[in-house]
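First the structure, in the form of structure tokens, and then the observations on it.
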Amino acid sequence: MNTSLTTALSRPFTLGSAKLPNRIAMAPMTRGHSPGGIPGEDVAAYYARRAAAGTGLIITEGTTVDHRSAGYLDGVPRFHGEEQLAGWQRVVDAVHTHGGAIMPQLWHVGIRRTAGAPPFPDAPSLGPSGIALDGTPGAGETMTLADIDDVIDAFAKAARAAEEIGFDGVELHGAHGYLIDQFLWERTNRRTDRYGGDPASRTTFAADLVAAIRERVAPDFPVVLRFSQWKSDNYDVRLAENPKELEAVLTPLAEAGVDAFHASGRRYWQPEFPDTGSDLNIAGWTKKVTGKPVITVGSIGLDSVFHPGSLSGANAAVESIDRLLEPLERDEFDLVAVGRALLADPEWADKVLNGRVSELTPFSRDAVESLH
């Protein structure tokens with residue numbers, strides 16, 4: 001491995017009040033090992049192992065806010081309730097003991113919720129216009145203004161709770177076809193009120209949500225927004241067809257108070273807008289049009305891209321990350337989020353930062369079966 005890359009990844013980074021020891025982050029990955037939505041001692045140990053081995057920032061798996069329609073899977077942790085928040089307190093303390101920083105990913109699945117789904121089977125599926133990701137109308141209920149206010153309040157309460165517990169910031173899940181993304185995307189947002197319309201108008205829900213959070217947390221408490229061009233099961237669609245459209249989407253969010261963007265791509269080396277003649281990936285373009293700190297992600301350290309089957313059976317071999325060096329040295333992005341590779345190998349950061357890449361563990365289904 002290139003020693004210059006080791007040096008680049010080892011640089012500390014400051015994001016608001018969060019002091020990160022290096023540029024390596026753990027990407028959020030749904031695990032489903034929290035019965036009753038309560039993260040237990042095993043969850044705390046799972047995250048702590050990665051912090052102890054040098055992962056600078058832990059971004060937790062998606063954790064649902066206090067809204068009955070927010071979730072749809074058994075075992076997913078919740079970010080509300082006395083027992084649930086006590087569980088998260090244990091997680092924070094365990095990660096901090098080992099010198100790591102940690103942020104919860106706050107989540108609402110929106111229209112992707114199916115009828116009868118846990119943990120609240122009688123809760124409806126809600127979306128900006130009741131339209132499914134494939135364009136099917138009537139897949140759920142159209143959110144009323146009262147629904148929108150309730151969800152925004154739930155996110156703001158969760159962010160406040162995160163700060164009180166001692167988290168180092170929060171990440172909002174605005175990617176992959178979940179609720180925030182459903183407002184951003186033209187296919188699922190056909191509203192005619194202030195929450196719909198052109199690309200900038202479709203950011204209103206997310207911008208209002210961010211503004212509500214900013215009112216309830218300290219000015220330097222970091223708020224990160226994760227977004228993606230692609231949606232789950234649909235990798236060809238885009239929020240923005242060119243840099244100008246990307247700027248139209250992201251600028252109102254930055255102005256509302258987003259401190260950093262987590263730009264979710266499937267291949268970190270892939271140019272996002274090749275017609276421009278630039279080799280910037282989606283993270284690079286995000287930093288260029290907003291000036292905000294950015295996290296890049298996408299098949300880092302593995303030889304195959306993520307797809308829905310990747311966490312249920314598809315193996316992936318270790319691959320060099322040397323091509324991260326040039327964009328890191330040019331500051332095209334600031335942090336590097338590692339997903340499946342870090343799921344398979346809790347010591348991934350230590351091995352990379354200390355020249356032990358020959359010891360890296362490839363990804364396999366075994367990494368998913370338990371909290372390794």
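Chain identifiers are assigned as A, B, and so on, following the order in which chains appear in the structure tokens; residues are numbered from 1 within each chain, and ligands are numbered from 1 in order of appearance.
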Residues within 9 Å of His33 (chain A), only C-alpha atoms, excluding chain neighbours under 4 positions, as a tab-separated table (two decimals) with N, CA, C and O atoms, in the first residue's frame:
```tsv
chain	number	residue	atom	x	y	z
A	37	GLY	N	-35.99	-3.18	19.31
A	37	GLY	CA	-35.41	-1.90	18.94
A	37	GLY	C	-34.38	-1.39	19.92
A	37	GLY	O	-33.96	-0.23	19.84
A	38	ILE	N	-33.92	-2.27	20.84
A	38	ILE	CA	-32.98	-1.87	21.89
A	38	ILE	C	-31.58	-2.37	21.55
A	38	ILE	O	-31.34	-3.58	21.50
A	39	PRO	N	-30.62	-1.48	21.29
A	39	PRO	CA	-29.25	-1.93	21.07
A	39	PRO	C	-28.65	-2.46	22.37
A	39	PRO	O	-28.60	-1.74	23.37
A	40	GLY	N	-28.23	-3.71	22.35
A	40	GLY	CA	-27.74	-4.35	23.56
A	40	GLY	C	-26.23	-4.25	23.71
A	40	GLY	O	-25.55	-3.55	22.95
A	42	ASP	N	-24.14	-6.46	22.98
A	42	ASP	CA	-23.46	-6.98	21.80
A	42	ASP	C	-23.32	-5.92	20.71
A	42	ASP	O	-22.31	-5.88	19.99
A	43	VAL	N	-24.31	-5.05	20.59
A	43	VAL	CA	-24.23	-3.94	19.62
A	43	VAL	C	-23.14	-2.96	20.04
A	43	VAL	O	-22.34	-2.50	19.21
A	74	ASP	N	-37.89	-6.04	11.54
A	74	ASP	CA	-37.66	-6.52	12.90
A	74	ASP	C	-36.21	-6.33	13.29
A	74	ASP	O	-35.30	-6.47	12.47
A	75	GLY	N	-35.98	-6.03	14.54
A	75	GLY	CA	-34.63	-5.97	15.05
A	75	GLY	C	-33.86	-4.71	14.75
A	75	GLY	O	-32.71	-4.55	15.18
A	76	VAL	N	-34.46	-3.80	13.99
A	76	VAL	CA	-33.79	-2.53	13.71
A	76	VAL	C	-33.90	-1.64	14.96
A	76	VAL	O	-34.97	-1.52	15.55
A	77	PRO	N	-32.80	-1.02	15.37
A	77	PRO	CA	-32.87	-0.19	16.58
A	77	PRO	C	-33.73	1.05	16.37
A	77	PRO	O	-33.85	1.56	15.26
A	370	SER	N	-23.77	-12.53	12.28
A	370	SER	CA	-23.68	-12.15	13.68
A	370	SER	C	-23.00	-10.79	13.79
A	370	SER	O	-22.50	-10.25	12.80
A	371	LEU	N	-22.99	-10.25	15.00
A	371	LEU	CA	-22.32	-8.97	15.23
A	371	LEU	C	-20.85	-9.23	15.51
A	371	LEU	O	-20.37	-9.21	16.64
```
Counting only C-alpha atoms, what are the residues of region 26-99 of chain A within 12 Å of region 11-15 of chain A, and for each of them which pair of atoms is the nearest and at what distance in Å, to one decimal? Sort the table by chain and rising number, as a Markdown table.
```
| residue | atom | partner | partner_atom | distance |
| --- | --- | --- | --- | --- |
| A:Gly54 | CA | A:Pro12 | CA | 11.9 |
| A:Thr55 | CA | A:Pro12 | CA | 11.7 |
| A:Gly56 | CA | A:Pro12 | CA | 8.6 |
| A:Leu57 | CA | A:Phe13 | CA | 10.1 |
```
field: Surrounding residues of region 166-176 of chain A excluding itself and chain neighbours under 4 positions, 7 Å, only C-alpha atoms, as a PyMOL selection string
entry: chain A and resi 18+92+101-107+159+162+180-181+221-228+230-232
Save the residues we just selected, N, CA, C and O atoms, as a tab-separated table (two decimals), in the first residue's frame?
```
chain	number	residue	atom	x	y	z
A	18	ALA	N	-16.97	17.92	16.58
A	18	ALA	CA	-16.44	16.55	16.49
A	18	ALA	C	-14.97	16.58	16.08
A	18	ALA	O	-14.62	17.16	15.04
A	92	VAL	N	-22.51	4.66	22.83
A	92	VAL	CA	-21.69	5.88	22.81
A	92	VAL	C	-20.52	5.75	23.78
A	92	VAL	O	-19.36	6.03	23.44
A	101	ALA	N	-15.21	8.49	17.47
A	101	ALA	CA	-16.37	9.37	17.43
A	101	ALA	C	-17.52	8.59	16.81
A	101	ALA	O	-17.31	7.64	16.04
A	102	ILE	N	-18.75	8.96	17.15
A	102	ILE	CA	-19.91	8.19	16.67
A	102	ILE	C	-21.11	9.10	16.45
A	102	ILE	O	-21.37	10.03	17.22
A	103	MET	N	-21.82	8.82	15.35
A	103	MET	CA	-23.06	9.53	15.02
A	103	MET	C	-24.13	8.50	14.69
A	103	MET	O	-23.87	7.53	13.98
A	104	PRO	N	-25.37	8.69	15.17
A	104	PRO	CA	-26.45	7.81	14.75
A	104	PRO	C	-26.97	8.24	13.38
A	104	PRO	O	-26.99	9.43	13.07
A	105	GLN	N	-27.38	7.27	12.58
A	105	GLN	CA	-28.07	7.61	11.34
A	105	GLN	C	-29.57	7.58	11.61
A	105	GLN	O	-30.14	6.52	11.92
A	106	LEU	N	-30.21	8.72	11.55
A	106	LEU	CA	-31.65	8.84	11.82
A	106	LEU	C	-32.43	8.55	10.56
A	106	LEU	O	-32.13	9.09	9.49
A	107	TRP	N	-33.52	7.75	10.70
A	107	TRP	CA	-34.10	7.09	9.54
A	107	TRP	C	-35.63	7.08	9.60
A	107	TRP	O	-36.22	6.88	10.66
A	159	ALA	N	-32.46	14.20	17.18
A	159	ALA	CA	-31.16	14.87	17.14
A	159	ALA	C	-30.83	15.48	18.50
A	159	ALA	O	-29.68	15.41	18.96
A	162	ALA	N	-29.76	12.75	20.74
A	162	ALA	CA	-28.41	12.30	20.40
A	162	ALA	C	-27.36	13.19	21.05
A	162	ALA	O	-26.36	12.71	21.59
A	180	ILE	N	-36.75	11.02	3.12
A	180	ILE	CA	-36.19	12.31	2.70
A	180	ILE	C	-35.91	12.30	1.21
A	180	ILE	O	-36.21	13.26	0.48
A	181	ASP	N	-35.35	11.19	0.73
A	181	ASP	CA	-35.05	11.05	-0.70
A	181	ASP	C	-36.33	11.06	-1.53
A	181	ASP	O	-36.35	11.57	-2.66
A	221	PHE	N	-22.83	21.47	16.80
A	221	PHE	CA	-23.15	20.03	16.77
A	221	PHE	C	-23.35	19.62	15.31
A	221	PHE	O	-24.25	20.13	14.64
A	222	PRO	N	-22.53	18.71	14.79
A	222	PRO	CA	-22.56	18.44	13.35
A	222	PRO	C	-23.82	17.71	12.88
A	222	PRO	O	-24.27	16.74	13.50
A	223	VAL	N	-24.36	18.19	11.78
A	223	VAL	CA	-25.48	17.54	11.10
A	223	VAL	C	-25.00	17.14	9.70
A	223	VAL	O	-24.60	17.99	8.90
A	224	VAL	N	-25.01	15.84	9.46
A	224	VAL	CA	-24.56	15.28	8.18
A	224	VAL	C	-25.80	14.78	7.44
A	224	VAL	O	-26.71	14.21	8.05
A	225	LEU	N	-25.85	14.99	6.15
A	225	LEU	CA	-26.95	14.46	5.33
A	225	LEU	C	-26.39	13.47	4.32
A	225	LEU	O	-25.50	13.82	3.54
A	226	ARG	N	-26.90	12.24	4.34
A	226	ARG	CA	-26.51	11.27	3.33
A	226	ARG	C	-27.52	11.33	2.18
A	226	ARG	O	-28.73	11.33	2.40
A	227	PHE	N	-27.03	11.40	0.96
A	227	PHE	CA	-27.91	11.39	-0.21
A	227	PHE	C	-27.28	10.50	-1.27
A	227	PHE	O	-26.12	10.11	-1.19
A	228	SER	N	-28.09	10.17	-2.26
A	228	SER	CA	-27.60	9.35	-3.37
A	228	SER	C	-28.32	9.74	-4.63
A	228	SER	O	-29.45	10.22	-4.60
A	230	TRP	N	-28.71	7.21	-6.98
A	230	TRP	CA	-29.41	5.94	-7.21
A	230	TRP	C	-30.36	5.61	-6.06
A	230	TRP	O	-30.26	6.15	-4.98
A	231	LYS	N	-31.29	4.71	-6.38
A	231	LYS	CA	-32.23	4.21	-5.39
A	231	LYS	C	-32.03	2.70	-5.26
A	231	LYS	O	-31.52	2.05	-6.18
A	232	SER	N	-32.44	2.13	-4.16
A	232	SER	CA	-32.36	0.69	-4.01
A	232	SER	C	-33.13	0.02	-5.14
A	232	SER	O	-34.27	0.38	-5.43
```
#### Entry: Residues flagged strand (DSSP E or B) by DSSP in region 96-218 of chain A, as a PyMOL selection string
chain A and resi 101-107+126-127+141-142+170-176
N, CA and C atoms of the current selection, written as a CSV table (one decimal), in the first residue's frame:
```
chain,number,residue,atom,x,y,z
A,101,ALA,N,-15.2,8.5,17.5
A,101,ALA,CA,-16.4,9.4,17.4
A,101,ALA,C,-17.5,8.6,16.8
A,102,ILE,N,-18.8,9.0,17.1
A,102,ILE,CA,-19.9,8.2,16.7
A,102,ILE,C,-21.1,9.1,16.4
A,103,MET,N,-21.8,8.8,15.4
A,103,MET,CA,-23.1,9.5,15.0
A,103,MET,C,-24.1,8.5,14.7
A,104,PRO,N,-25.4,8.7,15.2
A,104,PRO,CA,-26.5,7.8,14.7
A,104,PRO,C,-27.0,8.2,13.4
A,105,GLN,N,-27.4,7.3,12.6
A,105,GLN,CA,-28.1,7.6,11.3
A,105,GLN,C,-29.6,7.6,11.6
A,106,LEU,N,-30.2,8.7,11.5
A,106,LEU,CA,-31.6,8.8,11.8
A,106,LEU,C,-32.4,8.6,10.6
A,107,TRP,N,-33.5,7.8,10.7
A,107,TRP,CA,-34.1,7.1,9.5
A,107,TRP,C,-35.6,7.1,9.6
A,126,LEU,N,-46.5,5.9,4.4
A,126,LEU,CA,-46.6,7.3,4.0
A,126,LEU,C,-45.6,7.7,3.1
A,127,GLY,N,-45.9,8.6,2.2
A,127,GLY,CA,-44.9,9.2,1.3
A,127,GLY,C,-45.4,10.6,0.9
A,141,GLU,N,-50.3,6.2,1.7
A,141,GLU,CA,-51.0,7.5,1.9
A,141,GLU,C,-50.1,8.7,1.6
A,142,THR,N,-50.7,9.7,1.0
A,142,THR,CA,-50.0,11.0,0.8
A,142,THR,C,-49.9,11.7,2.1
A,170,VAL,N,-25.1,13.9,14.2
A,170,VAL,CA,-26.1,13.0,13.6
A,170,VAL,C,-26.0,13.0,12.1
A,171,GLU,N,-26.4,11.8,11.6
A,171,GLU,CA,-26.5,11.7,10.1
A,171,GLU,C,-28.0,11.5,9.8
A,172,LEU,N,-28.5,12.2,8.8
A,172,LEU,CA,-29.9,12.0,8.3
A,172,LEU,C,-29.8,11.2,7.1
A,173,HIS,N,-30.7,10.1,7.1
A,173,HIS,CA,-30.7,9.2,5.9
A,173,HIS,C,-31.6,9.8,4.9
A,174,GLY,N,-30.9,10.5,3.9
A,174,GLY,CA,-31.7,11.1,2.8
A,174,GLY,C,-31.4,10.4,1.5
A,175,ALA,N,-31.0,9.1,1.5
A,175,ALA,CA,-30.5,8.4,0.3
A,175,ALA,C,-31.4,7.2,0.0
A,176,HIS,N,-31.1,6.6,-1.1
A,176,HIS,CA,-31.6,5.2,-1.5
A,176,HIS,C,-33.1,5.0,-1.5
```
Review point. When DSSP works through the backbone of this structure, what residues of region 108-219 of chain A end up as helix (DSSP H, G or I), shown as an NGL selection string?
Key: :A and (110-112 or 145-165 or 179-184 or 201-216)
- Quick one: residues within 12 Å of Asp279 (chain A), only C-alpha atoms counted, chain neighbours fewer than 2 positions away excluded, as a VMD selection string? chain A and resid 268 to 277 281 to 285 326 to 327 332
re CA of Asp198 (chain A) and CA of Arg238 (chain A): distance 14.5 Å
